[in-house]
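Structure file protein.pdb (PDB, C-alpha atoms and all ligand atoms) follows.
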ATOM      1  CA  MET F   1       0.807 -13.186 -12.634  1.00  0.00           C
ATOM      2  CA  LYS F   2       1.707 -10.417 -10.274  1.00  0.00           C
ATOM      3  CA  VAL F   3       0.578 -10.476  -6.650  1.00  0.00           C
ATOM      4  CA  LEU F   4      -1.138  -7.339  -5.370  1.00  0.00           C
ATOM      5  CA  SER F   5       1.476  -5.142  -3.760  1.00  0.00           C
ATOM      6  CA  LEU F   6       1.479  -4.528  -0.016  1.00  0.00           C
ATOM      7  CA  ALA F   7       1.018  -0.796  -0.621  1.00  0.00           C
ATOM      8  CA  SER F   8      -2.167  -1.421  -2.576  1.00  0.00           C
ATOM      9  CA  LEU F   9      -3.512  -3.695   0.112  1.00  0.00           C
ATOM     10  CA  LEU F  10      -2.788  -1.097   2.787  1.00  0.00           C
ATOM     11  CA  LEU F  11      -4.350   1.684   0.746  1.00  0.00           C
ATOM     12  CA  CYS F  12      -7.458  -0.390   0.164  1.00  0.00           C
ATOM     13  CA  SER F  13      -7.643  -2.219   3.463  1.00  0.00           C
ATOM     14  CA  SER F  14     -11.058  -0.843   4.343  1.00  0.00           C
ATOM     15  CA  ALA F  15     -13.773  -3.122   3.024  1.00  0.00           C
ATOM     16  CA  ALA F  16     -15.837  -0.179   1.820  1.00  0.00           C
ATOM     17  CA  MET F  17     -13.038   1.134  -0.342  1.00  0.00           C
ATOM     18  CA  ALA F  18     -12.301  -0.676  -3.568  1.00  0.00           C
ATOM     19  CA  HIS F  19      -9.366   0.183  -5.810  1.00  0.00           C
ATOM     20  CA  TYR F  20     -11.923   1.579  -8.190  1.00  0.00           C
ATOM     21  CA  SER F  21     -15.289   0.701  -9.561  1.00  0.00           C
ATOM     22  CA  LEU F  22     -16.672   0.829 -13.063  1.00  0.00           C
ATOM     23  CA  ASP F  23     -20.104   2.289 -12.325  1.00  0.00           C
ATOM     24  CA  TYR F  24     -21.440   2.755 -15.872  1.00  0.00           C
ATOM     25  CA  PRO F  25     -21.942   1.126 -18.284  1.00  0.00           C
ATOM     26  CA  PRO F  26     -22.352  -1.879 -15.965  1.00  0.00           C
ATOM     27  CA  THR F  27     -19.266  -4.003 -15.387  1.00  0.00           C
ATOM     28  CA  ARG F  28     -19.100  -7.648 -16.466  1.00  0.00           C
ATOM     29  CA  GLY F  29     -17.937  -8.295 -12.954  1.00  0.00           C
ATOM     30  CA  GLU F  30     -15.567  -7.021 -10.297  1.00  0.00           C
ATOM     31  CA  SER F  31     -13.384  -9.249  -8.176  1.00  0.00           C
ATOM     32  CA  GLU F  32     -10.792  -7.689  -5.896  1.00  0.00           C
ATOM     33  CA  SER F  33      -8.547 -10.750  -6.130  1.00  0.00           C
ATOM     34  CA  LYS F  34      -8.780 -11.217  -9.910  1.00  0.00           C
ATOM     35  CA  GLU F  35      -8.791  -7.586 -11.054  1.00  0.00           C
ATOM     36  CA  ILE F  36      -5.124  -7.772 -12.060  1.00  0.00           C
ATOM     37  CA  VAL F  37      -5.955 -10.450 -14.654  1.00  0.00           C
ATOM     38  CA  SER F  38      -5.954  -9.032 -18.202  1.00  0.00           C
ATOM     39  CA  PRO F  39      -8.011  -8.299 -20.222  1.00  0.00           C
ATOM     40  CA  CYS F  40     -11.241  -8.247 -18.154  1.00  0.00           C
ATOM     41  CA  GLY F  41     -10.314  -8.822 -14.512  1.00  0.00           C
ATOM     42  CA  GLY F  42     -10.941 -12.546 -14.668  1.00  0.00           C
ATOM     43  CA  PHE F  43     -14.365 -12.296 -16.321  1.00  0.00           C
ATOM     44  CA  ASN F  44     -13.901 -13.923 -19.706  1.00  0.00           C
ATOM     45  CA  ASP F  45     -17.532 -14.550 -20.648  1.00  0.00           C
ATOM     46  CA  VAL F  46     -19.497 -11.836 -22.421  1.00  0.00           C
ATOM     47  CA  GLY F  47     -22.235 -10.407 -20.209  1.00  0.00           C
ATOM     48  CA  ALA F  48     -25.507  -8.592 -20.824  1.00  0.00           C
ATOM     49  CA  ARG F  49     -25.157  -5.775 -23.368  1.00  0.00           C
ATOM     50  CA  ILE F  50     -26.520  -2.291 -22.932  1.00  0.00           C
ATOM     51  CA  GLN F  51     -26.892   0.326 -25.644  1.00  0.00           C
ATOM     52  CA  PHE F  52     -23.969   2.736 -25.893  1.00  0.00           C
ATOM     53  CA  PRO F  53     -24.267   5.892 -28.034  1.00  0.00           C
ATOM     54  CA  LEU F  54     -21.859   6.537 -30.914  1.00  0.00           C
ATOM     55  CA  THR F  55     -21.743  10.214 -29.960  1.00  0.00           C
ATOM     56  CA  ARG F  56     -21.660  11.684 -26.445  1.00  0.00           C
ATOM     57  CA  GLY F  57     -21.186   8.421 -24.640  1.00  0.00           C
ATOM     58  CA  PHE F  58     -19.304   8.228 -21.366  1.00  0.00           C
ATOM     59  CA  VAL F  59     -17.735   5.861 -18.897  1.00  0.00           C
ATOM     60  CA  GLN F  60     -18.341   6.490 -15.194  1.00  0.00           C
ATOM     61  CA  VAL F  61     -15.685   5.351 -12.729  1.00  0.00           C
ATOM     62  CA  ASN F  62     -15.124   5.841  -9.010  1.00  0.00           C
ATOM     63  CA  SER F  63     -11.425   5.990  -8.167  1.00  0.00           C
ATOM     64  CA  GLY F  64     -10.424   4.982  -4.641  1.00  0.00           C
ATOM     65  CA  HIS F  65      -6.783   5.910  -5.214  1.00  0.00           C
ATOM     66  CA  PRO F  66      -5.096   9.276  -5.535  1.00  0.00           C
ATOM     67  CA  ASN F  67      -2.530   9.557  -8.338  1.00  0.00           C
ATOM     68  CA  SER F  68      -4.088   6.976 -10.574  1.00  0.00           C
ATOM     69  CA  LYS F  69      -4.625   6.763 -14.309  1.00  0.00           C
ATOM     70  CA  VAL F  70      -7.644   5.442 -16.161  1.00  0.00           C
ATOM     71  CA  ASP F  71      -7.539   4.342 -19.795  1.00  0.00           C
ATOM     72  CA  VAL F  72     -10.652   3.291 -21.694  1.00  0.00           C
ATOM     73  CA  ASN F  73     -10.264   0.992 -24.704  1.00  0.00           C
ATOM     74  CA  ILE F  74     -12.819  -0.493 -27.045  1.00  0.00           C
ATOM     75  CA  ALA F  75     -12.617  -3.815 -28.879  1.00  0.00           C
ATOM     76  CA  TYR F  76     -15.199  -4.516 -31.572  1.00  0.00           C
ATOM     77  CA  GLY F  77     -17.014  -7.790 -32.193  1.00  0.00           C
ATOM     78  CA  ASN F  78     -19.151 -10.305 -30.324  1.00  0.00           C
ATOM     79  CA  ASN F  79     -16.400 -11.665 -28.094  1.00  0.00           C
ATOM     80  CA  PRO F  80     -13.069  -9.848 -28.499  1.00  0.00           C
ATOM     81  CA  SER F  81      -9.918 -11.859 -27.820  1.00  0.00           C
ATOM     82  CA  ALA F  82      -7.016 -10.863 -25.591  1.00  0.00           C
ATOM     83  CA  ALA F  83      -5.154  -9.871 -28.776  1.00  0.00           C
ATOM     84  CA  ASP F  84      -8.046  -7.592 -29.774  1.00  0.00           C
ATOM     85  CA  PHE F  85      -7.757  -5.761 -26.448  1.00  0.00           C
ATOM     86  CA  THR F  86      -3.994  -5.476 -26.812  1.00  0.00           C
ATOM     87  CA  ALA F  87      -4.499  -3.854 -30.218  1.00  0.00           C
ATOM     88  CA  ALA F  88      -7.243  -1.581 -28.835  1.00  0.00           C
ATOM     89  CA  ALA F  89      -4.887  -0.329 -26.113  1.00  0.00           C
ATOM     90  CA  ASP F  90      -2.832   1.409 -28.826  1.00  0.00           C
ATOM     91  CA  LYS F  91      -5.634   3.928 -29.294  1.00  0.00           C
ATOM     92  CA  PRO F  92      -7.605   4.525 -26.077  1.00  0.00           C
ATOM     93  CA  ILE F  93     -10.992   6.184 -26.553  1.00  0.00           C
ATOM     94  CA  ALA F  94     -10.574   8.094 -23.278  1.00  0.00           C
ATOM     95  CA  SER F  95      -7.845   8.722 -20.703  1.00  0.00           C
ATOM     96  CA  LEU F  96      -7.857  10.464 -17.362  1.00  0.00           C
ATOM     97  CA  THR F  97      -5.358  11.191 -14.608  1.00  0.00           C
ATOM     98  CA  ILE F  98      -6.889  11.278 -11.118  1.00  0.00           C
ATOM     99  CA  ASP F  99      -5.240  13.359  -8.366  1.00  0.00           C
ATOM    100  CA  VAL F 100      -7.630  12.730  -5.490  1.00  0.00           C
ATOM    101  CA  PRO F 101     -10.068   9.837  -4.985  1.00  0.00           C
ATOM    102  CA  ARG F 102     -13.357  10.739  -6.643  1.00  0.00           C
ATOM    103  CA  LYS F 103     -16.097   9.854  -9.077  1.00  0.00           C
ATOM    104  CA  ALA F 104     -15.247  10.765 -12.649  1.00  0.00           C
ATOM    105  CA  CYS F 105     -17.263  10.833 -15.859  1.00  0.00           C
ATOM    106  CA  MET F 106     -15.095  10.227 -18.919  1.00  0.00           C
ATOM    107  CA  THR F 107     -16.668  11.302 -22.189  1.00  0.00           C
ATOM    108  CA  VAL F 108     -16.320   9.067 -25.223  1.00  0.00           C
ATOM    109  CA  ASP F 109     -16.871  10.032 -28.835  1.00  0.00           C
ATOM    110  CA  LEU F 110     -16.660   7.174 -31.329  1.00  0.00           C
ATOM    111  CA  THR F 111     -17.537   9.102 -34.465  1.00  0.00           C
ATOM    112  CA  LYS F 112     -13.905   9.056 -35.637  1.00  0.00           C
ATOM    113  CA  SER F 113     -13.660   5.268 -35.469  1.00  0.00           C
ATOM    114  CA  GLN F 114     -14.451   3.481 -38.745  1.00  0.00           C
ATOM    115  CA  ASP F 115     -15.454   0.312 -36.874  1.00  0.00           C
ATOM    116  CA  ALA F 116     -18.044   2.132 -34.786  1.00  0.00           C
ATOM    117  CA  VAL F 117     -21.234   1.967 -36.830  1.00  0.00           C
ATOM    118  CA  ASP F 118     -24.864   1.597 -35.815  1.00  0.00           C
ATOM    119  CA  ASN F 119     -25.669  -1.785 -34.256  1.00  0.00           C
ATOM    120  CA  THR F 120     -22.101  -2.991 -33.654  1.00  0.00           C
ATOM    121  CA  ASN F 121     -21.313  -5.226 -30.706  1.00  0.00           C
ATOM    122  CA  ALA F 122     -18.255  -4.188 -28.737  1.00  0.00           C
ATOM    123  CA  THR F 123     -16.598  -4.496 -25.351  1.00  0.00           C
ATOM    124  CA  ILE F 124     -15.329  -1.512 -23.411  1.00  0.00           C
ATOM    125  CA  GLN F 125     -12.250  -2.198 -21.317  1.00  0.00           C
ATOM    126  CA  ILE F 126     -11.085  -0.153 -18.333  1.00  0.00           C
ATOM    127  CA  VAL F 127      -7.369  -0.232 -17.562  1.00  0.00           C
ATOM    128  CA  TYR F 128      -6.781   1.312 -14.143  1.00  0.00           C
ATOM    129  CA  ASN F 129      -3.263   2.054 -12.968  1.00  0.00           C
ATOM    130  CA  ASP F 130      -3.361   2.653  -9.204  1.00  0.00           C
ATOM    131  CA  GLY F 131       0.356   3.402  -9.056  1.00  0.00           C
ATOM    132  CA  HIS F 132       1.253  -0.156  -8.071  1.00  0.00           C
ATOM    133  CA  ASP F 133      -0.934  -2.483 -10.095  1.00  0.00           C
ATOM    134  CA  ILE F 134      -2.864  -2.509 -13.351  1.00  0.00           C
ATOM    135  CA  LEU F 135      -6.504  -3.464 -12.748  1.00  0.00           C
ATOM    136  CA  TYR F 136      -8.989  -4.468 -15.448  1.00  0.00           C
ATOM    137  CA  GLN F 137     -12.745  -4.441 -15.899  1.00  0.00           C
ATOM    138  CA  CYS F 138     -14.949  -4.802 -18.978  1.00  0.00           C
ATOM    139  CA  SER F 139     -18.439  -3.842 -20.068  1.00  0.00           C
ATOM    140  CA  ASP F 140     -20.320  -5.339 -23.002  1.00  0.00           C
ATOM    141  CA  VAL F 141     -22.269  -2.942 -25.196  1.00  0.00           C
ATOM    142  CA  VAL F 142     -24.013  -2.540 -28.505  1.00  0.00           C
ATOM    143  CA  LEU F 143     -23.088   0.709 -30.257  1.00  0.00           C
ATOM    144  CA  VAL F 144     -26.094   2.551 -31.617  1.00  0.00           C
ATOM    145  CA  THR F 145     -26.879   5.940 -33.126  1.00  0.00           C
ATOM    146  CA  SER F 146     -29.889   6.443 -30.907  1.00  0.00           C
ATOM    147  CA  ALA F 147     -29.168   4.892 -27.510  1.00  0.00           C
ATOM    148  CA  GLU F 148     -32.453   5.244 -25.701  1.00  0.00           C
ATOM    149  CA  GLY F 149     -31.356   2.659 -23.146  1.00  0.00           C
ATOM    150  CA  PHE F 150     -28.283   4.703 -22.140  1.00  0.00           C
ATOM    151  CA  ASP F 151     -28.789   6.518 -18.826  1.00  0.00           C
ATOM    152  CA  LEU F 152     -27.357  10.050 -19.123  1.00  0.00           C
ATOM    153  CA  THR F 153     -27.934  10.727 -15.417  1.00  0.00           C
ATOM    154  CA  LYS F 154     -25.101   8.320 -14.505  1.00  0.00           C
ATOM    155  CA  CYS F 155     -22.473  10.901 -15.537  1.00  0.00           C
ATOM    156  CA  VAL F 156     -21.166  12.407 -12.290  1.00  0.00           C
ATOM    157  CA  ASN F 157     -18.011  14.455 -11.808  1.00  0.00           C
ATOM    158  CA  GLU F 158     -17.125  14.793  -8.147  1.00  0.00           C
ATOM    159  CA  LYS F 159     -15.130  17.886  -7.265  1.00  0.00           C
ATOM    160  CA  PRO F 160     -12.013  17.411  -5.155  1.00  0.00           C
ATOM    161  CA  THR F 161     -12.770  18.238  -1.511  1.00  0.00           C
ATOM    162  CA  GLY F 162     -11.079  21.138   0.291  1.00  0.00           C
ATOM    163  CA  PRO F 163     -11.515  24.891   0.574  1.00  0.00           C
ATOM    164  CA  THR F 164     -12.865  26.435  -2.609  1.00  0.00           C
ATOM    165  CA  PRO F 165     -11.365  29.671  -4.003  1.00  0.00           C
ATOM    166  CA  THR F 166     -14.613  31.483  -3.117  1.00  0.00           C
ATOM    167  CA  VAL F 167     -14.321  30.560   0.578  1.00  0.00           C
ATOM    168  CA  ALA F 168     -10.623  31.501   0.654  1.00  0.00           C
ATOM    169  CA  ALA F 169     -11.385  34.880  -0.984  1.00  0.00           C
ATOM    170  CA  ALA F 170     -14.154  35.551   1.557  1.00  0.00           C
ATOM    171  CA  ALA F 171     -11.791  34.741   4.442  1.00  0.00           C
ATOM    172  CA  ALA F 172      -9.157  37.088   3.002  1.00  0.00           C
ATOM    173  CA  ALA F 173     -11.756  39.867   2.689  1.00  0.00           C
ATOM    174  CA  VAL F 174     -12.739  39.400   6.340  1.00  0.00           C
ATOM    175  CA  SER F 175      -9.133  39.646   7.549  1.00  0.00           C
ATOM    176  CA  VAL F 176      -8.540  42.802   5.485  1.00  0.00           C
ATOM    177  CA  LYS F 177     -11.660  44.303   7.048  1.00  0.00           C
ATOM    178  CA  SER F 178     -10.495  43.468  10.616  1.00  0.00           C
ATOM    179  CA  ALA F 179      -7.075  44.974   9.887  1.00  0.00           C
ATOM    180  CA  ALA F 180      -8.741  48.161   8.651  1.00  0.00           C
ATOM    181  CA  THR F 181     -10.937  48.272  11.781  1.00  0.00           C
ATOM    182  CA  ALA F 182      -7.825  47.898  13.964  1.00  0.00           C
ATOM    183  CA  VAL F 183      -6.073  50.766  12.158  1.00  0.00           C
ATOM    184  CA  VAL F 184      -9.132  53.002  12.627  1.00  0.00           C
ATOM    185  CA  ALA F 185      -9.250  52.107  16.339  1.00  0.00           C
ATOM    186  CA  VAL F 186      -5.578  53.017  16.775  1.00  0.00           C
ATOM    187  CA  LEU F 187      -6.099  56.359  14.955  1.00  0.00           C
ATOM    188  CA  MET F 188      -9.136  57.145  17.103  1.00  0.00           C
ATOM    189  CA  ALA F 189      -7.203  56.326  20.270  1.00  0.00           C
ATOM    190  CA  ALA F 190      -4.389  58.572  19.077  1.00  0.00           C
ATOM    191  CA  ALA F 191      -6.834  61.380  18.303  1.00  0.00           C
ATOM    192  CA  LEU F 192      -8.415  61.092  21.779  1.00  0.00           C
ATOM    193  CA  ALA F 193      -4.977  61.277  23.405  1.00  0.00           C
ATOM    194  CA  LEU F 194      -4.225  64.606  21.754  1.00  0.00           C
TER     195      LEU F 194
HETATM  196 CU    CU W   1      -6.505  -0.106  -4.671  1.00  0.00          CU
END

Structure re-expressed in structure tokens:
Amino acid sequence: MKVLSLASLLLCSSAAMAHYSLDYPPTRGESESKEIVSPCGGFNDVGARIQFPLTRGFVQVNSGHPNSKVDVNIAYGNNPSAADFTAAADKPIASLTIDVPRKACMTVDLTKSQDAVDNTNATIQIVYNDGHDILYQCSDVVLVTSAEGFDLTKCVNEKPTGPTPTVAAAAAAVSVKSAATAVVAVLMAAALAL
């Protein structure tokens, strides 16, 4: 088992900042010290299941690291084995590269999977590569056609912070206007001198 790298510890030294969190569907459990343990971050017992829709589902994560990668896998059955997760990792149901720390909603469509039929138990696995370590979390679900228990409001995509193109364009317009005003002032001064 690999020990968490010094870089990761430094990057995540603040108590408020985790490597990442699986915000929805609910995680089986999150433990900073055991997250590197495959396949479910040290949580080997199946937890409470929530309904997960076969179409238009999503996984909501909050990435504390820049330059990280999130893969979402699904293993079918009541209590998938480590081997089941290894096989599932060959065909992730969603993948995302994160440039800046943010909340991200990853959409999941299971209609192309033959195993995903109404009323199937499954476990969703998050594989988070923070650039130094691979960190795991799992969520236990029941796949259903009509997932009334699935909370659509949990899907949140946070925009990267920084100046938006609109603000930059407005600033450029202002500086063009001041330049024009300056030119007019110079011309007027020149005209008065004549
Ligand atoms: Cu971290």

**Study point:** Chain and number of each residue from the PyMOL selection byres (((chain F and resi 79-90) around 8) and not hetatm), as a ChimeraX atom specification
**Key:** /F:38-39,46,73-78,91-92,122-123,125

Review point. Using the chain letters and numbers from the file, which residues does the PyMOL selection byres (((chain F and resi 65) around 7) and not hetatm) grab, as a list in words?
Key: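 Checked against the file, the PyMOL selection byres (((chain F and resi 65) around 7) and not hetatm) matches His19, Ser63, Gly64, Pro66, Asn67, Ser68, Val100, Pro101 and Asp130 of chain F.
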
Point to revise | Pick from F:Ala18, F:Val117, F:Leu143, F:Leu152 nearest to ligand CU 1 (chain W), counting only C-alpha atoms and all ligand atoms | key: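 The closest residue to ligand CU 1 (chain W) is F:Ala18.
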
Check your understanding: Taking into account only C-alpha atoms and all ligand atoms, which residue in the set F:Val144, F:Ile126, F:Ile36, F:Val59 is nearest to ligand CU 1 (chain W)?
Key ->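 The shortest atom-to-atom distance to ligand CU 1 (chain W) comes from F:Ile36.
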
Check your understanding: Between F:Lys34, F:His132, F:Lys69, F:Arg56, which one has atoms that come closest to ligand CU 1 (chain W), using all atoms listed in the file?
Key ->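 That would be F:His132, the residue with the smallest distance to ligand CU 1 (chain W).
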
Point to revise | atom CA of F:Gly41 to atom CA of F:Tyr136, straight-line distance in Å | key: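 Separation between atom CA of F:Tyr136 and atom CA of F:Gly41: 4.6 Å.
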
Practice item. Calculate how many Å separate atom CA of F:Leu54 from atom CA of F:Asp71, rounding to one decimal. Key: 18.3 Å

For the structure provided, state which residues fall under the PyMOL selection byres (((chain F and resi 108-110) around 8) and not hetatm), and present them as a PDB file with C-alpha atoms, in the coordinates of the input.
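Below is the file result_37.pdb, written as the result:
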ATOM      1  CA  LEU F  54     -21.859   6.537 -30.914  1.00  0.00           C
ATOM      2  CA  THR F  55     -21.743  10.214 -29.960  1.00  0.00           C
ATOM      3  CA  ARG F  56     -21.660  11.684 -26.445  1.00  0.00           C
ATOM      4  CA  GLY F  57     -21.186   8.421 -24.640  1.00  0.00           C
ATOM      5  CA  PHE F  58     -19.304   8.228 -21.366  1.00  0.00           C
ATOM      6  CA  VAL F  59     -17.735   5.861 -18.897  1.00  0.00           C
ATOM      7  CA  ILE F  93     -10.992   6.184 -26.553  1.00  0.00           C
ATOM      8  CA  ALA F  94     -10.574   8.094 -23.278  1.00  0.00           C
ATOM      9  CA  MET F 106     -15.095  10.227 -18.919  1.00  0.00           C
ATOM     10  CA  THR F 107     -16.668  11.302 -22.189  1.00  0.00           C
ATOM     11  CA  THR F 111     -17.537   9.102 -34.465  1.00  0.00           C
ATOM     12  CA  LYS F 112     -13.905   9.056 -35.637  1.00  0.00           C
ATOM     13  CA  SER F 113     -13.660   5.268 -35.469  1.00  0.00           C
ATOM     14  CA  ALA F 116     -18.044   2.132 -34.786  1.00  0.00           C
TER      15      ALA F 116
END

Please reconstruct the missing atoms of stretch 53-79 of chain F (target: N, CA and C atoms) and return them as an mmCIF file, in the frame of the given file.
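File produced: rebuild.cif:
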data_model
loop_
_atom_site.group_PDB
_atom_site.id
_atom_site.type_symbol
_atom_site.label_atom_id
_atom_site.label_comp_id
_atom_site.auth_asym_id
_atom_site.auth_seq_id
_atom_site.Cartn_x
_atom_site.Cartn_y
_atom_site.Cartn_z
ATOM 1 N N PRO F 53 -24.125 4.977 -26.892
ATOM 2 C CA PRO F 53 -24.267 5.892 -28.034
ATOM 3 C C PRO F 53 -22.951 6.128 -28.782
ATOM 4 N N LEU F 54 -23.046 6.270 -30.097
ATOM 5 C CA LEU F 54 -21.859 6.537 -30.914
ATOM 6 C C LEU F 54 -21.311 7.935 -30.653
ATOM 7 N N THR F 55 -22.199 8.870 -30.325
ATOM 8 C CA THR F 55 -21.743 10.214 -29.960
ATOM 9 C C THR F 55 -22.190 10.512 -28.531
ATOM 10 N N ARG F 56 -21.360 11.249 -27.816
ATOM 11 C CA ARG F 56 -21.660 11.684 -26.445
ATOM 12 C C ARG F 56 -21.913 10.530 -25.490
ATOM 13 N N GLY F 57 -21.158 9.476 -25.641
ATOM 14 C CA GLY F 57 -21.186 8.421 -24.640
ATOM 15 C C GLY F 57 -20.247 8.785 -23.504
ATOM 16 N N PHE F 58 -20.250 7.993 -22.461
ATOM 17 C CA PHE F 58 -19.304 8.228 -21.366
ATOM 18 C C PHE F 58 -19.101 6.948 -20.570
ATOM 19 N N VAL F 59 -18.024 6.949 -19.826
ATOM 20 C CA VAL F 59 -17.735 5.861 -18.897
ATOM 21 C C VAL F 59 -17.617 6.498 -17.517
ATOM 22 N N GLN F 60 -18.334 5.940 -16.546
ATOM 23 C CA GLN F 60 -18.341 6.490 -15.194
ATOM 24 C C GLN F 60 -17.540 5.575 -14.272
ATOM 25 N N VAL F 61 -16.495 6.137 -13.668
ATOM 26 C CA VAL F 61 -15.685 5.351 -12.729
ATOM 27 C C VAL F 61 -15.642 6.053 -11.373
ATOM 28 N N ASN F 62 -15.336 5.278 -10.341
ATOM 29 C CA ASN F 62 -15.124 5.841 -9.010
ATOM 30 C C ASN F 62 -13.749 5.380 -8.552
ATOM 31 N N SER F 63 -12.811 6.333 -8.495
ATOM 32 C CA SER F 63 -11.425 5.990 -8.167
ATOM 33 C C SER F 63 -11.187 6.082 -6.665
ATOM 34 N N GLY F 64 -10.730 4.988 -6.070
ATOM 35 C CA GLY F 64 -10.424 4.982 -4.641
ATOM 36 C C GLY F 64 -8.996 5.406 -4.343
ATOM 37 N N HIS F 65 -8.198 5.561 -5.381
ATOM 38 C CA HIS F 65 -6.783 5.910 -5.214
ATOM 39 C C HIS F 65 -6.510 7.333 -5.675
ATOM 40 N N PRO F 66 -5.633 8.041 -4.962
ATOM 41 C CA PRO F 66 -5.096 9.276 -5.535
ATOM 42 C C PRO F 66 -4.031 8.877 -6.553
ATOM 43 N N ASN F 67 -3.631 9.797 -7.394
ATOM 44 C CA ASN F 67 -2.530 9.557 -8.338
ATOM 45 C C ASN F 67 -2.702 8.259 -9.123
ATOM 46 N N SER F 68 -3.830 8.156 -9.758
ATOM 47 C CA SER F 68 -4.088 6.976 -10.574
ATOM 48 C C SER F 68 -4.375 7.415 -12.004
ATOM 49 N N LYS F 69 -4.358 6.445 -12.901
ATOM 50 C CA LYS F 69 -4.625 6.763 -14.309
ATOM 51 C C LYS F 69 -5.631 5.764 -14.856
ATOM 52 N N VAL F 70 -6.601 6.284 -15.585
ATOM 53 C CA VAL F 70 -7.644 5.442 -16.161
ATOM 54 C C VAL F 70 -7.562 5.537 -17.685
ATOM 55 N N ASP F 71 -7.450 4.393 -18.334
ATOM 56 C CA ASP F 71 -7.539 4.342 -19.795
ATOM 57 C C ASP F 71 -8.769 3.531 -20.168
ATOM 58 N N VAL F 72 -9.483 4.002 -21.191
ATOM 59 C CA VAL F 72 -10.652 3.291 -21.694
ATOM 60 C C VAL F 72 -10.358 2.846 -23.120
ATOM 61 N N ASN F 73 -10.485 1.546 -23.359
ATOM 62 C CA ASN F 73 -10.264 0.992 -24.704
ATOM 63 C C ASN F 73 -11.555 0.357 -25.193
ATOM 64 N N ILE F 74 -11.653 0.200 -26.506
ATOM 65 C CA ILE F 74 -12.819 -0.493 -27.045
ATOM 66 C C ILE F 74 -12.367 -1.527 -28.077
ATOM 67 N N ALA F 75 -12.900 -2.739 -27.918
ATOM 68 C CA ALA F 75 -12.617 -3.815 -28.879
ATOM 69 C C ALA F 75 -13.948 -4.204 -29.510
ATOM 70 N N TYR F 76 -13.955 -4.272 -30.843
ATOM 71 C CA TYR F 76 -15.199 -4.516 -31.572
ATOM 72 C C TYR F 76 -15.410 -6.016 -31.788
ATOM 73 N N GLY F 77 -16.686 -6.388 -31.930
ATOM 74 C CA GLY F 77 -17.014 -7.790 -32.193
ATOM 75 C C GLY F 77 -17.817 -8.404 -31.061
ATOM 76 N N ASN F 78 -18.272 -9.640 -31.281
ATOM 77 C CA ASN F 78 -19.151 -10.305 -30.324
ATOM 78 C C ASN F 78 -18.424 -10.779 -29.068
ATOM 79 N N ASN F 79 -17.165 -11.157 -29.236
ATOM 80 C CA ASN F 79 -16.400 -11.665 -28.094
ATOM 81 C C ASN F 79 -14.915 -11.442 -28.354
#
